[in-house]
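structure.csv follows (CSV, C-alpha atoms):
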chain,number,residue,atom,x,y,z
A,1,MET,CA,-125.8,102.6,89.8
A,2,LYS,CA,-124.5,101.2,86.5
A,3,LEU,CA,-122.2,104.1,86.2
A,4,LEU,CA,-120.8,103.5,89.7
A,5,VAL,CA,-120.1,99.9,89.0
A,6,PHE,CA,-118.3,100.8,85.8
A,7,VAL,CA,-116.1,103.3,87.6
A,8,LEU,CA,-115.3,100.8,90.3
A,9,PHE,CA,-114.4,98.1,87.8
A,10,PHE,CA,-112.2,100.5,85.9
A,11,GLY,CA,-110.4,101.4,89.1
A,12,LEU,CA,-109.8,97.8,90.0
A,13,VAL,CA,-108.4,97.0,86.5
A,14,SER,CA,-106.2,100.0,86.6
A,15,THR,CA,-104.9,99.0,90.0
A,16,SER,CA,-104.2,95.4,88.8
A,17,PHE,CA,-102.2,96.4,85.8
A,18,GLY,CA,-100.5,99.4,87.3
A,19,SER,CA,-99.9,102.7,85.6
A,20,PRO,CA,-98.3,102.9,82.1
A,21,GLU,CA,-95.3,104.8,83.6
A,22,ALA,CA,-94.7,102.0,86.1
A,23,SER,CA,-94.8,99.3,83.4
A,24,VAL,CA,-92.3,101.2,81.3
A,25,SER,CA,-90.0,101.6,84.4
A,26,VAL,CA,-90.1,97.9,85.2
A,27,ARG,CA,-89.3,97.0,81.5
A,28,GLN,CA,-86.4,99.4,81.4
A,29,ARG,CA,-84.9,98.0,84.6
A,30,ARG,CA,-85.3,94.5,83.1
A,31,ASP,CA,-83.6,95.6,79.9
A,32,VAL,CA,-80.7,97.2,81.9
A,33,ASP,CA,-80.3,94.0,84.0
A,34,ILE,CA,-80.1,91.8,80.9
A,35,LEU,CA,-77.4,94.0,79.3
A,36,ALA,CA,-75.5,94.3,82.6
A,37,ASN,CA,-75.5,90.5,83.1
A,38,THR,CA,-74.3,90.0,79.5
A,39,ARG,CA,-71.4,92.4,80.1
A,40,LEU,CA,-70.6,90.6,83.3
A,41,LEU,CA,-70.5,87.3,81.5
A,42,ILE,CA,-68.1,88.7,79.0
A,43,GLN,CA,-65.9,90.0,81.7
A,44,GLN,CA,-65.9,86.6,83.4
A,45,LEU,CA,-64.9,84.9,80.1
A,46,ILE,CA,-62.1,87.4,79.7
A,47,GLU,CA,-60.9,86.7,83.2
A,48,ASN,CA,-60.9,83.0,82.6
A,49,LEU,CA,-59.0,83.5,79.4
A,50,LEU,CA,-56.4,85.7,81.1
A,51,LYS,CA,-56.0,83.0,83.8
A,52,ALA,CA,-55.2,80.4,81.2
A,53,VAL,CA,-52.8,82.9,79.6
A,54,GLN,CA,-51.0,83.3,82.9
A,55,GLN,CA,-50.7,79.5,83.3
A,56,ALA,CA,-49.2,79.3,79.8
A,57,ARG,CA,-46.7,82.0,80.6
A,58,ASP,CA,-45.8,80.3,83.9
A,59,ALA,CA,-45.2,77.1,81.9
A,60,VAL,CA,-42.9,79.0,79.5
A,61,ALA,CA,-40.9,80.4,82.4
A,62,ALA,CA,-40.6,76.9,83.9
A,63,PHE,CA,-39.5,75.5,80.5
A,64,VAL,CA,-36.8,78.1,80.1
A,65,ARG,CA,-35.5,77.5,83.6
A,66,GLY,CA,-35.4,73.7,82.9
A,67,ILE,CA,-33.5,74.1,79.7
A,68,GLN,CA,-30.9,76.4,81.4
A,69,GLN,CA,-30.4,74.0,84.2
A,70,GLN,CA,-29.9,71.1,81.9
A,71,LEU,CA,-27.4,73.1,79.8
A,72,GLN,CA,-25.5,74.0,82.9
A,73,LEU,CA,-25.2,70.4,83.9
A,74,PHE,CA,-24.3,69.5,80.3
A,75,GLY,CA,-21.5,72.1,80.3
A,76,GLN,CA,-20.1,70.8,83.5
A,77,LYS,CA,-20.1,67.2,82.2
A,78,ILE,CA,-18.3,68.2,79.0
A,79,ILE,CA,-15.7,70.1,80.9
A,80,GLY,CA,-15.1,67.1,83.2
A,81,ASP,CA,-15.0,64.5,80.4
A,82,ILE,CA,-12.7,66.6,78.2
A,83,GLN,CA,-10.4,67.1,81.2
A,84,LYS,CA,-10.2,63.3,81.7
A,85,LEU,CA,-9.3,62.9,78.1
A,86,ARG,CA,-6.7,65.7,78.3
A,87,ASP,CA,-5.1,64.1,81.4
A,88,GLY,CA,-4.9,60.8,79.6
A,89,ILE,CA,-3.2,62.2,76.6
A,90,GLU,CA,-0.9,64.5,78.6
A,91,GLN,CA,0.2,61.5,80.6
A,92,ALA,CA,0.9,59.5,77.5
A,93,ILE,CA,2.9,62.4,76.1
A,94,LYS,CA,4.9,62.7,79.3
A,95,ASN,CA,5.7,59.0,79.4
A,96,ILE,CA,7.0,59.1,75.9
A,97,ALA,CA,8.9,62.4,76.4
A,98,ASP,CA,10.6,61.0,79.5
A,99,ARG,CA,11.9,58.0,77.5
A,100,ILE,CA,13.4,60.3,74.9
A,101,ALA,CA,14.6,63.1,77.1
A,102,GLY,CA,17.9,63.3,75.2
A,103,ALA,CA,16.3,63.5,71.8
A,104,GLY,CA,17.2,66.1,69.3
A,105,PRO,CA,15.2,69.2,68.4
A,106,ALA,CA,13.4,67.6,65.5
A,107,VAL,CA,11.9,64.9,67.7
A,108,LYS,CA,10.9,67.4,70.4
A,109,ALA,CA,9.3,69.5,67.7
A,110,CYS,CA,7.4,66.4,66.6
A,111,ILE,CA,6.1,65.9,70.1
A,112,GLU,CA,5.1,69.5,70.5
A,113,ASN,CA,3.2,69.5,67.3
A,114,GLN,CA,1.2,66.5,68.5
A,115,ARG,CA,0.6,68.3,71.8
A,116,ASP,CA,-0.9,71.2,69.8
A,117,ALA,CA,-3.0,68.8,67.8
A,118,ALA,CA,-4.4,67.3,71.0
A,119,GLU,CA,-5.3,70.8,72.2
A,120,ASN,CA,-7.2,71.5,69.0
A,121,LEU,CA,-8.9,68.1,69.5
A,122,PHE,CA,-10.2,69.2,72.9
A,123,THR,CA,-11.5,72.5,71.4
A,124,THR,CA,-13.2,70.8,68.5
A,125,ALA,CA,-14.9,68.2,70.8
A,126,ARG,CA,-16.2,71.0,73.1
A,127,GLU,CA,-17.5,73.0,70.1
A,128,ASN,CA,-19.2,70.0,68.5
A,129,SER,CA,-20.9,69.1,71.8
A,130,HIS,CA,-22.3,72.6,72.2
A,131,ILE,CA,-23.5,72.7,68.5
A,132,CYS,CA,-25.3,69.4,69.0
A,133,ALA,CA,-26.8,70.7,72.3
A,134,GLU,CA,-27.9,74.0,70.7
A,135,GLN,CA,-29.7,72.0,67.9
A,136,ASN,CA,-31.7,70.1,70.5
A,137,VAL,CA,-32.4,73.3,72.3
A,138,ASP,CA,-33.6,75.0,69.1
A,139,LYS,CA,-36.2,72.3,68.6
A,140,ILE,CA,-37.7,72.9,72.0
A,141,GLN,CA,-37.3,76.6,71.8
A,142,VAL,CA,-39.5,76.7,68.6
A,143,MET,CA,-42.3,75.1,70.6
A,144,VAL,CA,-41.8,77.4,73.6
A,145,ASP,CA,-41.8,80.5,71.3
A,146,LYS,CA,-45.1,79.3,69.7
A,147,LEU,CA,-46.7,78.9,73.1
A,148,SER,CA,-45.5,82.4,74.1
A,149,ALA,CA,-46.8,83.9,70.9
A,150,LEU,CA,-50.2,82.1,71.5
A,151,ALA,CA,-50.4,83.7,74.9
A,152,ASP,CA,-49.6,87.1,73.6
A,153,GLY,CA,-52.2,86.7,70.9
A,154,ALA,CA,-54.8,85.8,73.6
A,155,VAL,CA,-54.0,88.9,75.6
A,156,ASN,CA,-54.4,91.1,72.5
A,157,TYR,CA,-57.7,89.4,71.8
A,158,THR,CA,-59.1,90.2,75.3
A,159,ARG,CA,-58.2,93.9,74.7
A,160,GLY,CA,-60.2,93.7,71.5
A,161,VAL,CA,-63.1,92.2,73.3
A,162,VAL,CA,-63.2,95.0,75.8
A,163,GLU,CA,-63.2,97.5,72.9
A,164,GLN,CA,-66.0,95.6,71.1
A,165,MET,CA,-68.1,95.5,74.2
A,166,ASP,CA,-67.8,99.2,74.6
A,167,SER,CA,-68.6,99.6,70.9
A,168,CYS,CA,-71.8,97.5,71.3
A,169,SER,CA,-73.0,99.8,74.0
A,170,ARG,CA,-72.1,103.0,72.1
A,171,ASN,CA,-73.4,102.1,68.7
A,172,GLY,CA,-76.3,99.8,69.7
A,173,SER,CA,-79.7,101.3,68.8
A,174,GLY,CA,-82.1,99.7,71.2
A,175,LEU,CA,-82.2,96.7,73.3
A,176,PHE,CA,-82.3,94.1,70.5
A,177,ASN,CA,-79.3,95.5,68.6
A,178,THR,CA,-77.2,96.0,71.7
A,179,GLY,CA,-78.2,92.6,73.1
A,180,ALA,CA,-77.4,90.9,69.7
A,181,CYS,CA,-74.0,92.6,69.6
A,182,LEU,CA,-73.1,91.6,73.1
A,183,GLY,CA,-74.5,88.1,72.7
A,184,GLY,CA,-72.4,87.5,69.6
A,185,LEU,CA,-69.4,88.7,71.6
A,186,VAL,CA,-70.2,86.2,74.3
A,187,VAL,CA,-70.2,83.3,71.8
A,188,LYS,CA,-66.9,84.3,70.2
A,189,THR,CA,-65.1,85.0,73.5
A,190,GLU,CA,-66.2,81.7,74.9
A,191,TYR,CA,-65.2,79.8,71.8
A,192,ASN,CA,-61.8,81.5,71.6
A,193,GLY,CA,-61.2,80.8,75.3
A,194,ILE,CA,-61.9,77.1,74.8
A,195,THR,CA,-59.7,77.1,71.7
A,196,PHE,CA,-56.8,78.7,73.5
A,197,ALA,CA,-57.0,76.4,76.5
A,198,THR,CA,-57.0,73.4,74.2
A,199,GLN,CA,-54.1,74.6,72.0
A,200,SER,CA,-52.0,75.6,75.0
A,201,ALA,CA,-52.6,72.3,76.8
A,202,VAL,CA,-51.4,70.4,73.7
A,203,MET,CA,-48.3,72.6,73.3
A,204,ILE,CA,-47.4,72.3,77.0
A,205,SER,CA,-47.7,68.5,76.8
A,206,LYS,CA,-45.4,68.3,73.8
A,207,ILE,CA,-42.8,70.5,75.5
A,208,ASP,CA,-43.0,68.5,78.7
A,209,LEU,CA,-42.4,65.3,76.6
A,210,SER,CA,-39.4,67.0,74.8
A,211,LEU,CA,-37.9,68.1,78.1
A,212,LEU,CA,-38.2,64.6,79.5
A,213,THR,CA,-36.0,63.3,76.6
A,214,PHE,CA,-33.7,66.4,76.6
A,215,PRO,CA,-31.1,65.1,79.1
A,216,ALA,CA,-30.8,61.9,77.1
A,217,ALA,CA,-30.3,63.9,73.9
A,218,LEU,CA,-27.6,65.9,75.6
A,219,GLU,CA,-25.9,62.7,76.7
A,220,VAL,CA,-25.9,61.6,73.0
A,221,CYS,CA,-24.3,64.9,72.1
A,222,ALA,CA,-21.5,64.4,74.6
A,223,GLY,CA,-21.0,60.8,73.8
A,224,LYS,CA,-20.7,61.4,70.0
A,225,SER,CA,-18.1,64.2,70.5
A,226,LEU,CA,-16.0,62.3,73.0
A,227,LEU,CA,-16.1,59.1,71.0
A,228,SER,CA,-14.8,60.9,68.0
A,229,ALA,CA,-12.2,62.7,70.2
A,230,SER,CA,-11.0,59.5,71.8
A,231,SER,CA,-10.5,57.9,68.3
A,232,GLU,CA,-8.5,60.9,67.2
A,233,ALA,CA,-6.6,60.9,70.5
A,234,ARG,CA,-5.4,57.3,69.8
A,235,THR,CA,-4.0,58.6,66.5
A,236,ILE,CA,-2.2,61.4,68.2
A,237,ILE,CA,-0.7,59.1,70.7
A,238,SER,CA,0.4,56.8,67.9
A,239,ASP,CA,2.0,59.7,66.1
A,240,ILE,CA,3.8,60.6,69.3
A,241,ALA,CA,5.1,57.1,69.6
A,242,SER,CA,6.4,57.5,66.1
A,243,CYS,CA,8.4,60.4,67.3
A,244,SER,CA,9.9,58.1,69.9
A,245,TYR,CA,10.7,55.4,67.4
A,246,THR,CA,12.4,58.0,65.2
A,247,SER,CA,14.5,59.1,68.2
A,248,ILE,CA,15.5,55.5,69.0
A,249,PHE,CA,16.3,54.8,65.4
A,250,ALA,CA,18.4,58.0,65.1
A,251,SER,CA,20.2,57.2,68.3
A,252,SER,CA,21.0,53.6,67.1
A,253,ALA,CA,22.2,54.8,63.8
A,254,SER,CA,24.5,57.4,65.5
A,255,ASP,CA,26.0,54.7,67.8
A,256,GLU,CA,26.7,52.5,64.8
A,257,LEU,CA,28.5,55.3,63.0
A,258,SER,CA,30.4,56.2,66.1
A,259,SER,CA,31.7,52.6,66.4
Have the structure of the file written as structure tokens, please.
Amino acid sequence: MKLLVFVLFFGLVSTSFGSPEASVSVRQRRDVDILANTRLLIQQLIENLLKAVQQARDAVAAFVRGIQQQLQLFGQKIIGDIQKLRDGIEQAIKNIADRIAGAGPAVKACIENQRDAAENLFTTARENSHICAEQNVDKIQVMVDKLSALADGAVNYTRGVVEQMDSCSRNGSGLFNTGACLGGLVVKTEYNGITFATQSAVMISKIDLSLLTFPAALEVCAGKSLLSASSEARTIISDIASCSYTSIFASSASDELSS
């Protein structure tokens, strides 16, 4: 009887705890699930980082388009403003030339020289405006290039994470070592993702601010060049007037000699 009770008790215990093979199988499945979930988390972190990279690249493309549009408007404004200045000088030259239509070749040469000086003035004004604009563009472009480089670096980092994740699985000896390798990768990937998002957000804000003031900076470039050109234009018109006075003086002297 005692032997029968012992056998029954042993059978119940064995049924409760299950067979050793079943316990090992459950533990293996649990280990596999833990590693699989860790890999899935790393992949999700990579996807989140790549989404942030794409947003940064979209911002770069938008910044480039914005700069190009502003430069196009700036170029049109410079052409129009210089044309107005040219029309004013040409009209002044014409008025003076009409008054001294019968002047000698020396006076006509004087006027033509000033006409050439005026044309050089227009060219210089246009070049100075563009140089000033390019300097302002360069300041923004430096920030845009840094943002683009940051995005490229993040993409390269994600490729390295994938390689490291595969390496953890290949080189890991046992659950603990593999799990520790993947766990460390989770921490680093999450940290770098947060760092990239923060840095790119700061850069985008700075570029946005610079683009807001960019049109005003271009206006300053145009204003400085045209102000300088207008001042020199007055000198040219004054010199042309001197040609007229020379003609009048020469004509009066010739009349006196003739009489």
* Quote the spacing between atom CA of A:Asn113 and atom CA of A:Arg86 in Å to one decimal place. => 15.3 Å
* To do: Calculate how many Å separate atom CA of A:Val162 from atom CA of A:Asp58, rounding to one decimal.
  =>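 We find that atom CA of A:Val162 and atom CA of A:Asp58 lie 24.2 Å from each other.
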* Rank nothing, just name the residue among A:Ala109, A:Ala197, A:Ala241, A:Cys181 nearest to A:Ile42, using all atoms listed in the file. =>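 Smallest separation from A:Ile42 among the options: A:Cys181.
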* Counting all atoms listed in the file, the option among A:Val144, A:Leu185, A:Cys110, A:Ala229 closest to A:Ile207 ->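 Comparing A:Val144, A:Leu185, A:Cys110, A:Ala229 against A:Ile207, the winner is A:Val144.
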* stretch 132-134 of chain A environment, 8 Å, only C-alpha atoms, sequence neighbours closer than 5 positions dropped, as JSON, numbers by chain -> {"A": [71, 217, 218, 221]}
